[in-house]
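Student: This one is work.cif, mmCIF, C-alpha atoms.
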```cif
data_entry
loop_
_atom_site.label_atom_id
_atom_site.label_comp_id
_atom_site.auth_asym_id
_atom_site.auth_seq_id
_atom_site.Cartn_x
_atom_site.Cartn_y
_atom_site.Cartn_z
CA MET A 4 -25.72 18.10 -12.91
CA TRP A 5 -22.37 18.84 -11.36
CA SER A 6 -21.27 21.99 -9.58
CA PRO A 7 -18.32 24.16 -10.73
CA LEU A 8 -17.62 24.54 -7.03
CA SER A 9 -16.18 21.01 -7.11
CA ALA A 10 -13.58 22.10 -9.65
CA ALA A 11 -12.79 25.23 -7.66
CA LEU A 12 -12.31 23.22 -4.44
CA ALA A 13 -10.12 20.73 -6.27
CA ALA A 14 -7.92 23.54 -7.59
CA TRP A 15 -7.61 24.92 -4.07
CA ARG A 16 -6.90 21.57 -2.38
CA PHE A 17 -4.54 20.08 -4.97
CA HIS A 18 -2.80 23.15 -6.38
CA ASP A 19 0.67 21.96 -5.38
CA TYR A 20 0.51 18.50 -6.98
CA LYS A 21 3.96 18.45 -8.53
CA PRO A 22 3.65 16.26 -11.64
CA SER A 23 0.84 18.46 -12.99
CA PRO A 24 -0.61 21.20 -10.71
CA VAL A 25 -4.40 21.07 -10.49
CA THR A 26 -6.12 24.19 -11.81
CA PHE A 27 -9.82 25.01 -12.09
CA GLY A 28 -9.62 24.34 -15.85
CA ARG A 29 -7.96 20.94 -15.44
CA ALA A 30 -10.42 19.86 -12.73
CA LYS A 31 -13.37 21.00 -14.86
CA LYS A 32 -12.02 19.13 -17.89
CA TRP A 33 -11.53 16.00 -15.79
CA ILE A 34 -15.13 15.99 -14.52
CA GLU A 35 -16.56 16.74 -17.96
CA GLN A 36 -14.95 13.59 -19.39
CA PHE A 37 -17.60 11.62 -17.51
CA LYS A 38 -21.09 11.22 -18.90
CA GLY A 39 -24.36 12.35 -17.30
CA LYS A 40 -24.83 11.25 -13.70
CA ASP A 41 -21.31 9.82 -13.59
CA ARG A 42 -20.14 13.40 -13.17
CA ARG A 43 -21.82 13.44 -9.78
CA ALA A 44 -19.94 10.25 -8.87
CA ALA A 45 -16.72 11.95 -10.00
CA GLU A 46 -17.46 14.84 -7.63
CA ILE A 47 -17.91 12.39 -4.77
CA LEU A 48 -14.58 10.77 -5.60
CA LEU A 49 -12.87 14.17 -5.46
CA LYS A 50 -14.30 14.80 -1.99
CA LYS A 51 -13.00 11.45 -0.79
CA VAL A 52 -9.40 12.04 -1.88
CA VAL A 53 -6.97 11.99 1.04
CA TYR A 54 -4.46 14.60 -0.10
CA LEU A 55 -1.11 15.05 1.61
CA SER A 56 0.55 18.34 0.75
CA GLU A 57 4.26 18.87 1.38
CA LYS A 58 3.51 20.68 4.63
CA ALA A 59 1.07 18.01 5.80
CA THR A 60 3.58 15.29 4.93
CA ARG A 61 6.39 17.03 6.81
CA ASP A 62 4.19 17.73 9.84
CA ILE A 63 3.01 14.12 10.05
CA LEU A 64 6.55 12.76 9.84
CA VAL A 65 7.79 15.16 12.54
CA GLN A 66 4.85 14.43 14.85
CA GLN A 67 5.03 10.66 14.47
CA ASN A 68 8.80 10.73 14.89
CA HIS A 69 8.43 12.76 18.09
CA THR A 70 6.01 10.16 19.43
CA LEU A 71 8.37 7.34 18.53
CA MET A 72 11.45 9.03 20.00
CA SER A 73 9.58 9.75 23.23
CA ARG A 74 8.59 6.11 23.57
CA LEU A 75 12.12 4.91 22.87
CA ALA A 76 13.59 7.44 25.31
CA SER A 77 11.26 6.10 28.01
CA VAL A 78 12.89 2.67 27.67
CA GLY A 79 16.43 4.06 27.66
CA LEU A 80 17.14 4.53 23.95
CA PRO A 81 18.54 8.02 23.23
CA PRO A 82 18.78 9.49 19.70
CA ASP A 83 22.30 8.16 19.13
CA LYS A 84 20.85 4.64 19.34
CA LEU A 85 18.50 5.26 16.42
CA VAL A 86 19.37 4.25 12.86
CA TYR A 87 17.18 5.83 10.17
CA VAL A 88 16.98 3.84 6.95
CA GLN A 89 15.80 4.90 3.50
CA VAL A 90 14.29 1.86 1.85
CA HIS A 91 14.51 2.58 -1.88
CA ASP A 92 17.03 3.68 -4.48
CA ALA A 93 18.11 7.30 -4.84
CA GLY A 94 15.53 9.37 -6.72
CA SER A 95 12.58 7.57 -5.15
CA SER A 96 10.31 8.86 -2.39
CA SER A 97 11.99 7.31 0.64
CA PRO A 98 15.23 9.37 0.51
CA VAL A 99 13.16 12.52 0.00
CA MET A 100 11.02 11.72 3.04
CA LEU A 101 14.07 10.96 5.18
CA ASN A 102 15.74 14.23 4.18
CA LEU A 103 12.51 16.12 4.88
CA LEU A 104 12.29 14.59 8.35
CA ARG A 105 16.00 14.91 9.11
CA ASP A 106 16.02 18.64 8.39
CA ALA A 107 12.67 19.45 10.01
CA ALA A 108 13.38 17.49 13.20
CA GLY A 109 17.11 18.21 13.41
CA LEU A 110 17.93 14.52 13.59
CA ASP A 111 21.55 14.89 12.53
CA ARG A 112 22.18 17.38 15.36
CA ARG A 113 20.65 14.92 17.81
CA GLY A 114 23.21 12.28 16.91
CA CYS A 115 20.96 9.94 14.93
CA HIS A 116 22.45 7.72 12.23
CA PHE A 117 21.40 7.48 8.56
CA VAL A 118 21.94 4.76 5.97
CA ASP A 119 20.50 3.35 2.75
CA ALA A 120 18.92 -0.10 2.96
CA HIS A 121 20.98 -1.15 -0.07
CA ASP A 122 24.24 -0.09 1.57
CA SER A 123 25.04 -3.44 3.16
CA PHE A 124 28.52 -2.40 4.33
CA GLY A 125 27.26 0.87 5.83
CA LEU A 126 24.34 -0.79 7.60
CA ASN A 127 26.60 -3.48 9.00
CA LYS A 128 29.16 -0.93 10.18
CA ILE A 129 26.68 1.44 11.85
CA THR A 130 24.66 -1.27 13.62
CA ASN A 131 27.85 -2.96 14.80
CA GLU A 132 29.02 0.33 16.32
CA VAL A 133 25.65 1.15 17.91
CA GLY A 134 25.18 -2.41 19.19
CA GLU A 135 21.54 -2.15 20.20
CA GLY A 136 18.76 0.31 19.58
CA ALA A 137 16.08 0.91 16.96
CA ILE A 138 15.99 0.84 13.19
CA VAL A 139 13.54 3.37 11.76
CA TYR A 140 12.55 2.93 8.14
CA VAL A 141 11.10 6.03 6.46
CA ASP A 142 8.81 6.16 3.43
CA ASP A 143 5.87 8.19 2.11
CA PHE A 144 3.17 5.56 1.49
CA VAL A 145 2.69 1.84 2.01
CA GLY A 146 -0.04 -0.07 0.17
CA THR A 147 0.12 -3.86 0.33
CA GLY A 148 3.45 -3.75 2.19
CA ASN A 149 4.99 -6.15 -0.35
CA GLN A 150 7.64 -3.75 -1.63
CA PHE A 151 8.58 -2.56 1.84
CA CYS A 152 8.94 -6.13 3.13
CA LYS A 153 11.14 -7.04 0.17
CA GLU A 154 13.45 -4.10 0.90
CA ARG A 155 13.40 -4.79 4.62
CA GLN A 156 14.29 -8.47 4.18
CA PHE A 157 17.34 -7.47 2.14
CA ALA A 158 18.45 -4.81 4.64
CA ILE A 159 18.00 -6.84 7.83
CA GLN A 160 20.60 -9.38 6.69
CA SER A 161 23.29 -6.74 7.22
CA VAL A 162 22.16 -5.72 10.71
CA VAL A 163 24.44 -6.66 13.62
CA GLY A 164 23.19 -6.44 17.19
CA THR A 165 19.77 -6.16 18.80
CA PHE A 166 17.37 -3.70 17.21
CA SER A 167 13.65 -3.09 17.32
CA GLU A 168 12.18 -2.09 13.94
CA PHE A 169 9.74 0.70 13.13
CA LEU A 170 8.32 2.33 10.02
CA LEU A 171 7.61 6.05 9.85
CA VAL A 172 5.16 6.87 7.07
CA PRO A 173 2.55 9.58 6.45
CA CYS A 174 0.00 7.01 5.28
CA ILE A 175 -0.32 3.22 5.25
CA CYS A 176 -3.14 0.98 4.04
CA GLU A 177 -4.73 -1.44 6.46
CA GLU A 178 -3.37 -4.29 4.30
CA GLY A 179 0.16 -2.96 4.81
CA ILE A 180 -0.25 -2.74 8.59
CA TYR A 181 -0.93 -6.49 8.81
CA LYS A 182 1.80 -7.38 6.33
CA ILE A 183 4.64 -5.51 8.04
CA ALA A 184 3.49 -6.59 11.50
CA LYS A 185 4.18 -10.18 10.47
CA GLU A 186 7.79 -9.08 9.84
CA GLY A 187 8.03 -7.65 13.34
CA VAL A 188 7.89 -4.01 12.21
CA GLU A 189 5.60 -1.50 13.95
CA ALA A 190 4.17 1.34 11.88
CA PHE A 191 3.88 4.95 13.03
CA ALA A 192 1.57 6.59 10.51
CA GLY A 193 -0.49 9.74 10.34
CA HIS A 194 -3.31 7.99 8.51
CA VAL A 195 -4.32 4.35 8.20
CA HIS A 196 -6.20 4.05 4.90
CA SER A 197 -9.08 1.63 5.40
CA LYS A 198 -10.83 -0.33 2.66
CA VAL A 199 -14.22 1.17 3.47
CA GLU A 200 -13.06 4.74 2.72
CA ARG A 201 -12.09 3.80 -0.86
CA PRO A 202 -15.23 4.26 -3.01
CA LEU A 203 -14.13 1.83 -5.75
CA HIS A 204 -13.01 -0.94 -3.39
CA ASP A 205 -15.12 -4.08 -2.94
CA ASN A 206 -15.56 -3.33 0.77
CA SER A 207 -16.79 0.24 0.33
CA HIS A 208 -20.34 1.58 0.11
CA VAL A 209 -19.54 5.25 -0.44
CA LEU A 210 -21.15 5.09 -3.91
CA ASP A 211 -24.36 3.27 -4.76
CA SER A 212 -23.77 -0.05 -6.50
CA ASP A 213 -24.64 1.18 -10.01
CA ALA A 214 -22.40 4.27 -9.83
CA LYS A 215 -19.59 2.23 -8.32
CA GLN A 216 -19.81 -0.36 -11.10
CA ARG A 217 -19.77 2.29 -13.84
CA MET A 218 -16.76 4.10 -12.35
CA ARG A 219 -14.90 0.82 -11.97
CA GLU A 220 -15.64 0.01 -15.62
CA ILE A 221 -14.33 3.42 -16.67
CA SER A 222 -11.12 2.81 -14.75
CA ARG A 223 -10.65 -0.62 -16.28
CA GLY A 224 -11.34 0.85 -19.71
CA ILE A 225 -8.44 3.25 -19.17
CA SER A 226 -6.14 0.45 -17.97
CA ALA A 227 -7.13 -3.20 -18.14
CA ARG A 228 -4.23 -4.23 -15.91
CA MET A 229 -4.14 -1.35 -13.41
CA GLY A 230 -7.72 -0.09 -13.53
CA LEU A 231 -8.11 -0.18 -9.77
CA GLY A 232 -4.42 0.23 -9.07
CA TYR A 233 -1.82 -2.29 -7.98
CA ASN A 234 -3.45 -5.37 -6.47
CA GLU A 235 -6.82 -3.60 -6.94
CA LEU A 236 -6.32 -1.58 -3.76
CA ALA A 237 -8.25 1.36 -5.30
CA THR A 238 -6.63 3.79 -2.87
CA MET A 239 -7.70 7.41 -2.52
CA VAL A 240 -4.44 8.79 -1.11
CA ILE A 241 -2.61 11.32 -3.28
CA LEU A 242 0.75 12.71 -2.19
CA TYR A 243 2.07 16.03 -3.41
CA ARG A 244 5.06 14.35 -5.09
CA ASN A 245 3.17 11.63 -6.98
CA ALA A 246 0.09 9.44 -6.98
CA PRO A 247 0.71 5.91 -5.64
CA ASN A 248 0.43 3.16 -8.23
CA THR A 249 -2.44 1.80 -6.13
CA ALA A 250 -4.72 4.68 -7.22
CA PRO A 251 -7.53 3.99 -9.72
CA ALA A 252 -6.69 4.67 -13.36
CA LEU A 253 -9.38 7.36 -13.66
CA PHE A 254 -7.21 9.50 -11.37
CA ARG A 255 -3.97 8.80 -13.26
CA GLY A 256 -5.39 8.88 -16.78
CA SER A 257 -4.17 7.16 -19.94
CA PRO A 258 -0.47 6.91 -20.82
CA ASN A 259 0.55 10.30 -22.25
CA GLN A 260 -2.85 11.53 -21.01
CA ALA A 261 -4.79 10.52 -24.13
CA PRO A 262 -7.56 9.69 -24.68
CA PHE A 263 -8.39 10.11 -20.95
CA ALA A 264 -6.67 12.92 -19.06
CA GLY A 265 -6.14 12.16 -15.37
CA LEU A 266 -6.31 14.70 -12.58
CA PHE A 267 -3.34 13.13 -10.76
CA PRO A 268 -1.04 11.64 -13.41
CA ARG A 269 2.18 10.13 -12.20
CA TRP A 270 5.35 11.53 -13.73
CA LYS A 271 5.55 8.46 -15.98
CA ASP A 272 1.98 9.05 -17.22
CA LEU A 273 2.78 12.48 -18.67
CA PRO A 274 3.80 13.11 -22.29
CA LEU A 275 7.52 13.61 -22.84
CA PRO A 276 8.46 17.30 -22.82
CA LYS A 277 9.00 18.83 -26.22
CA GLN A 278 12.62 19.18 -27.28
CA PRO A 279 13.84 22.80 -27.64
#
```
What does the file become when written as structure tokens?
Tutor:
Amino acid sequence: MWSPLSAALAAWRFHDYKPSPVTFGRAKKWIEQFKGKDRRAAEILLKKVVYLSEKATRDILVQQNHTLMSRLASVGLPPDKLVYVQVHDAGSSSPVMLNLLRDAAGLDRRGCHFVDAHDSFGLNKITNEVGEGAIVYVDDFVGTGNQFCKERQFAIQSVVGTFSEFLLVPCICEEGIYKIAKEGVEAFAGHVHSKVERPLHDNSHVLDSDAKQRMREISRGISARMGLGYNELATMVILYRNAPNTAPALFRGSPNQAPFAGLFPRWKDLPLPKQP
């Protein structure tokens, strides 16, 4: 048996999920798609979700940035020596996170600099003028670190001068920590998402082995290629703007949400809106 309280708590915790706000009815429907005792496993998964609301995301970015700026100030690097870099194209999460941080922390009034990682001329010009300081990449979530490192390797070719490199991010997986460290980038994150806290990951024992196997099979039945998310990270982090592509398919659901309706579909998973 499962408790309706789980659906009520989900509606309370995840009500501001932008692609498809979580209501009691949607949470109830999601749990009831599972059979028998798998519904209890679904309840456990809900409890293990690490959800970052817009407020939580903003607060983490501001707090971690304050910590970073304090450290840099202690070694003689004032705000006008800091170059904040968005690491993806316009419309993606990185520019949104940088704007959120810039406004909340008043970075522009402090004299900090801002540039897109793909703006080679702008990055070259700003770093040449600053000479030495710190480059601060900003994003919302890092899984394997592969995408970030690809963007960073492109951007760093345009940097002139001597700069330390940092990444500000609300959440990063332990795999990503190791990956970016090899590139010489230090992460400042509000949460480091370990393998053991992901119930469907090989390294986790949150669920008993039978329940874990069944839930993994359900996910792979929804998506053979991305059943456990990109690179099978099976992450449990959901951000208010979108679910990472590293989340299990049972959270995202089927394309167009049929036959399996996810609780946290990405924008691309939703049916196209009806034409007027």
Student: Set the distance at 9 Å and use all atoms listed in the file: which residues neighbour Leu266 of chain A once local chain neighbours fewer than 6 positions away are removed? I'd like the list as a compact mmCIF listing (two decimals) with C-alpha atoms, keeping the file's coordinate frame.
Tutor:
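After the write, selection_6.txt holds the following:
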```
# COMPACT_ATOMS: atom_id res chain seq x y z
CA SER A 23 0.84 18.46 -12.99
CA PRO A 24 -0.61 21.20 -10.71
CA VAL A 25 -4.40 21.07 -10.49
CA ARG A 29 -7.96 20.94 -15.44
CA ALA A 30 -10.42 19.86 -12.73
CA LYS A 32 -12.02 19.13 -17.89
CA TRP A 33 -11.53 16.00 -15.79
CA LEU A 253 -9.38 7.36 -13.66
CA PHE A 254 -7.21 9.50 -11.37
CA ARG A 255 -3.97 8.80 -13.26
CA GLY A 256 -5.39 8.88 -16.78
```
Student: Would you work out the distance separating atom CA of Ala45 of chain A from atom CA of Pro202 of chain A, expressed in Å to one decimal?
Tutor: 10.5 Å
Student: Given the file above and the PyMOL selection byres ((chain A and resi 68) around 10), which residues are selected, and can you give them as number ranges by chain?
Tutor: A: 62-67, 69-74, 104, 108, 110, 139, 141, 170-172, 191-192
Student: Counting only C-alpha atoms, which of A:Thr147, A:Ala237, A:Asp111, A:His208 gets nearest to Ile180 of chain A?
Tutor: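 Nearest to Ile180 of chain A: A:Thr147.
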Student: Once the PyMOL selection byres ((chain A and resi 231) around 9) is applied to the coordinates I shared, what remains selected? I want it as a list of chain:residue names.
Tutor: A:Leu203, A:His204, A:Arg219, A:Ser222, A:Arg223, A:Ser226, A:Ala227, A:Arg228, A:Met229, A:Gly230, A:Gly232, A:Tyr233, A:Asn234, A:Glu235, A:Leu236, A:Ala237, A:Thr238, A:Thr249, A:Ala250, A:Pro251, A:Ala252, A:Leu253
Student: Write out as a VMD selection string which residues come within 8 Å of Phe166 of chain A when counting only C-alpha atoms, dropping same-chain ones fewer than 2 positions away.
Tutor: chain A and resid 135 to 138 164 168
Student: Under the rule that all atoms listed in the file are counted, which of A:Arg61, A:Asp119, A:Leu75, A:Gln150 is the nearest residue to Asp106 of chain A?
Tutor: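 Nearest candidate to Asp106 of chain A out of A:Arg61, A:Asp119, A:Leu75, A:Gln150: A:Arg61.
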Student: Out of A:Phe144, A:Phe169, A:Tyr20, A:Trp270, which residue has the shortest atom-to-atom distance to His196 of chain A when counting all atoms listed in the file?
Tutor: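 Closest residue, counting all atoms listed in the file: A:Phe144.
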Student: Between atom CA of Met100 of chain A and atom CA of Lys21 of chain A, what is the spacing in Å?
Tutor: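 Atom-to-atom, atom CA of Lys21 of chain A and atom CA of Met100 of chain A are spaced 15.1 Å apart.
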Student: Around (-1.7, 11.8, -3.9) in the file's frame, which residues reach within 12 Å when counting only C-alpha atoms? Return as a PyMOL selection string?
Tutor: chain A and resi 16-25+49+51-57+59-60+143-144+173-174+238-251+254-255+266-269
Student: On this file, the PyMOL selection byres ((chain A and resi 160) around 12) gives some set of residues; write that set as a list in words.
Tutor: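 Output from the PyMOL selection byres ((chain A and resi 160) around 12), applied to this file: Ala120, His121, Asp122, Ser123, Phe124, Leu126, Asn127, Thr130, Lys153, Glu154, Arg155, Gln156, Phe157, Ala158, Ile159, Ser161, Val162, Val163 and Gly164 of chain A.
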Student: At what distance in Å, to one decimal, does atom CA of Leu85 of chain A lie from atom CA of Lys182 of chain A?
Tutor: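 Atom CA of Leu85 of chain A lies at a distance of 23.2 Å from atom CA of Lys182 of chain A.
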Student: Counting only C-alpha atoms, which residue out of A:Lys84, A:Lys277, A:Lys185, A:Lys31 sits closest to Cys115 of chain A?
Tutor: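 Looking only at the distances to Cys115 of chain A, the closest residue turns out to be A:Lys84.
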Student: Pick out the closest residue to Tyr140 of chain A from this set: A:Cys176, A:Val118, A:Leu103, A:Val90. Count all atoms listed in the file.
Tutor: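 So, comparing all the options, the nearest one is A:Val90.
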Student: Assuming 3 Å of padding per side, give the centre and edge lengths of the axis-aligned box around every listed atom of segment 211-219 of chain A, in Å to one decimal and as AutoDock Vina command-line options.
Tutor:
```
--center_x -19.8 --center_y 2.0 --center_z -9.3 --size_x 15.7 --size_y 10.6 --size_z 15.1
```
Student: Between A:Ser95, A:Trp5, A:Asp142, A:Ala13, single out the one closest to Phe37 of chain A, counting all atoms listed in the file.
Tutor: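 Using all atoms listed in the file, the shortest distance to Phe37 of chain A belongs to A:Trp5.
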